[in-house]
Amino acid sequence: MNIYYNPDKFGLETFDEIDTGGSWEFDTFVVFKRVSDGALFWSRDSGCSCPTPFDHIGINDLNPITKDDFYSFDEALKNHSNIKITDYLEILKKVKDELNTIIQ
């Protein structure tokens, strides 16, 4: 079962994502939201068109996004290859706004 294509099977939903890959490749940065409590997690995967995206990534491989460690998420997002500044700022704001609604 693939967490990217079936996040509901892991108790998640896709909150937002950015793919900067080309026509024969993928470079995807995904933010997942846990349905039970609204917690946010991120993961990234890249490759050519042959492998299935996120095929080797499971629930325990996801990186939590918290107010206390927001810097790590921000850095990972900034380092995502070829990300447009508008996409970066948009997802950053969306995640910040969501974190402000979660009681941690």
# chains A, B, ... in the order shown; residues from 1 in each chain; ligands from 1
$ residues_around --residues "Ser81 (chain A)" --least-positions-apart "3" --cutoff "10 Å" --atoms "only C-alpha atoms" --output "PyMOL selection string"
chain A and resi 19-21+27-29+76-78+84
$ residues_around --residues "Asn6 (chain A)" --least-positions-apart "6" --cutoff "12 Å" --atoms "only C-alpha atoms" --output "list in words"
Leu12, Glu13, Thr14, Phe32, Pro53, Phe54, Asp55, Gly58 and Ile59 of chain A
$ closest_residue --among "A:Asn100, A:Gly11, A:Leu89, A:Tyr4" --to "His56 (chain A)" --atoms "only C-alpha atoms"
A:Tyr4
$ residues_around --residues "Lys67 (chain A)" --least-positions-apart "4" --cutoff "9 Å" --atoms "only C-alpha atoms" --output "PyMOL selection string"
chain A and resi 71+96+99-100+104
$ write_last_selection --atoms "C-alpha atoms" --output "compact mmCIF listing (two decimals), in the first residue's frame"
# COMPACT_ATOMS: atom_id res chain seq x y z
CA TYR A 71 12.53 25.65 11.23
CA LYS A 96 1.68 28.12 9.62
CA LEU A 99 -0.41 24.95 13.05
CA ASN A 100 -2.01 27.95 14.74
CA GLN A 104 -0.20 21.17 20.83
$ select_by_dssp --residues "chain A" --states "alpha helix (DSSP H)" --output "CSV table (one decimal) with C-alpha atoms, in the first residue's frame"
chain,number,residue,atom,x,y,z
A,70,PHE,CA,9.0,24.7,12.3
A,71,TYR,CA,12.5,25.7,11.2
A,72,SER,CA,13.3,22.1,10.0
A,73,PHE,CA,10.2,22.1,7.8
A,74,ASP,CA,11.0,25.5,6.5
A,75,GLU,CA,14.6,24.5,5.6
A,76,ALA,CA,13.5,21.3,3.9
A,77,LEU,CA,11.0,23.2,1.9
A,78,LYS,CA,13.5,25.9,0.9
A,85,ILE,CA,9.1,31.5,-4.4
A,86,THR,CA,5.4,31.9,-4.8
A,87,ASP,CA,4.8,28.2,-4.1
A,88,TYR,CA,7.2,28.2,-1.2
A,89,LEU,CA,5.5,31.2,0.4
A,90,GLU,CA,2.0,29.8,-0.2
A,91,ILE,CA,2.6,26.4,1.4
A,92,LEU,CA,4.6,28.0,4.2
A,93,LYS,CA,1.7,30.3,5.1
A,94,LYS,CA,-0.9,27.5,4.8
A,95,VAL,CA,1.1,25.3,7.2
A,96,LYS,CA,1.7,28.1,9.6
A,97,ASP,CA,-2.0,28.9,9.6
A,98,GLU,CA,-2.9,25.3,10.2
A,99,LEU,CA,-0.4,25.0,13.1
A,100,ASN,CA,-2.0,27.9,14.7
A,101,THR,CA,-5.3,26.1,14.8
$ atom_distance --atom1 "CA of Ile83 (chain A)" --atom2 "CA of Cys48 (chain A)"
17.9 Å
$ select_by_dssp --residues "chain A" --states "strand (DSSP E)" --output "JSON, numbers by chain"
{"A": [12, 13, 14, 15, 16, 17, 18, 19, 25, 26, 27, 28, 29, 30, 31, 32, 33, 34, 40, 41, 42, 43, 44, 45, 46, 47, 48, 63, 64, 65]}
$ write_last_selection --atoms "C-alpha atoms" --output "PDB file, in the first residue's frame"
ATOM      1  CA  LEU A  12      -3.948  10.679   6.706  1.00  0.00           C
ATOM      2  CA  GLU A  13      -5.088  13.084   4.053  1.00  0.00           C
ATOM      3  CA  THR A  14      -2.976  15.127   1.666  1.00  0.00           C
ATOM      4  CA  PHE A  15      -2.836  18.669   3.020  1.00  0.00           C
ATOM      5  CA  ASP A  16      -0.708  20.187   0.240  1.00  0.00           C
ATOM      6  CA  GLU A  17       1.989  19.198  -2.216  1.00  0.00           C
ATOM      7  CA  ILE A  18       4.477  20.593  -4.693  1.00  0.00           C
ATOM      8  CA  ASP A  19       5.968  18.670  -7.606  1.00  0.00           C
ATOM      9  CA  GLU A  25      10.669  12.517 -13.500  1.00  0.00           C
ATOM     10  CA  PHE A  26       9.091  13.502 -10.209  1.00  0.00           C
ATOM     11  CA  ASP A  27      10.331  15.596  -7.308  1.00  0.00           C
ATOM     12  CA  THR A  28       7.416  15.763  -4.909  1.00  0.00           C
ATOM     13  CA  PHE A  29       7.177  17.423  -1.507  1.00  0.00           C
ATOM     14  CA  VAL A  30       3.986  16.471   0.354  1.00  0.00           C
ATOM     15  CA  VAL A  31       2.405  17.689   3.571  1.00  0.00           C
ATOM     16  CA  PHE A  32       0.049  15.133   5.122  1.00  0.00           C
ATOM     17  CA  LYS A  33      -2.528  15.810   7.826  1.00  0.00           C
ATOM     18  CA  ARG A  34      -3.439  13.107  10.348  1.00  0.00           C
ATOM     19  CA  LEU A  40       0.986  17.690  10.129  1.00  0.00           C
ATOM     20  CA  PHE A  41       3.847  15.699   8.605  1.00  0.00           C
ATOM     21  CA  TRP A  42       5.996  16.132   5.514  1.00  0.00           C
ATOM     22  CA  SER A  43       7.903  13.874   3.177  1.00  0.00           C
ATOM     23  CA  ARG A  44       9.708  14.163  -0.125  1.00  0.00           C
ATOM     24  CA  ASP A  45      10.480  11.718  -2.890  1.00  0.00           C
ATOM     25  CA  SER A  46      12.083  12.042  -6.299  1.00  0.00           C
ATOM     26  CA  GLY A  47      13.091   9.880  -9.207  1.00  0.00           C
ATOM     27  CA  CYS A  48      12.540   9.061 -12.841  1.00  0.00           C
ATOM     28  CA  ASN A  63       8.652  14.096   9.452  1.00  0.00           C
ATOM     29  CA  PRO A  64       6.418  15.869  11.975  1.00  0.00           C
ATOM     30  CA  ILE A  65       5.781  19.596  11.607  1.00  0.00           C
TER      31      ILE A  65
END
$ atom_distance --atom1 "CA of Ile102 (chain A)" --atom2 "CA of Tyr5 (chain A)"
25.2 Å
$ closest_residue --among "A:Leu62, A:Asn82, A:Asp68, A:Gly22" --to "Pro7 (chain A)" --atoms "only C-alpha atoms"
A:Leu62
$ closest_residue --among "A:Ser49, A:Val35, A:Ser23, A:Asn79" --to "Lys9 (chain A)" --atoms "only C-alpha atoms"
A:Val35
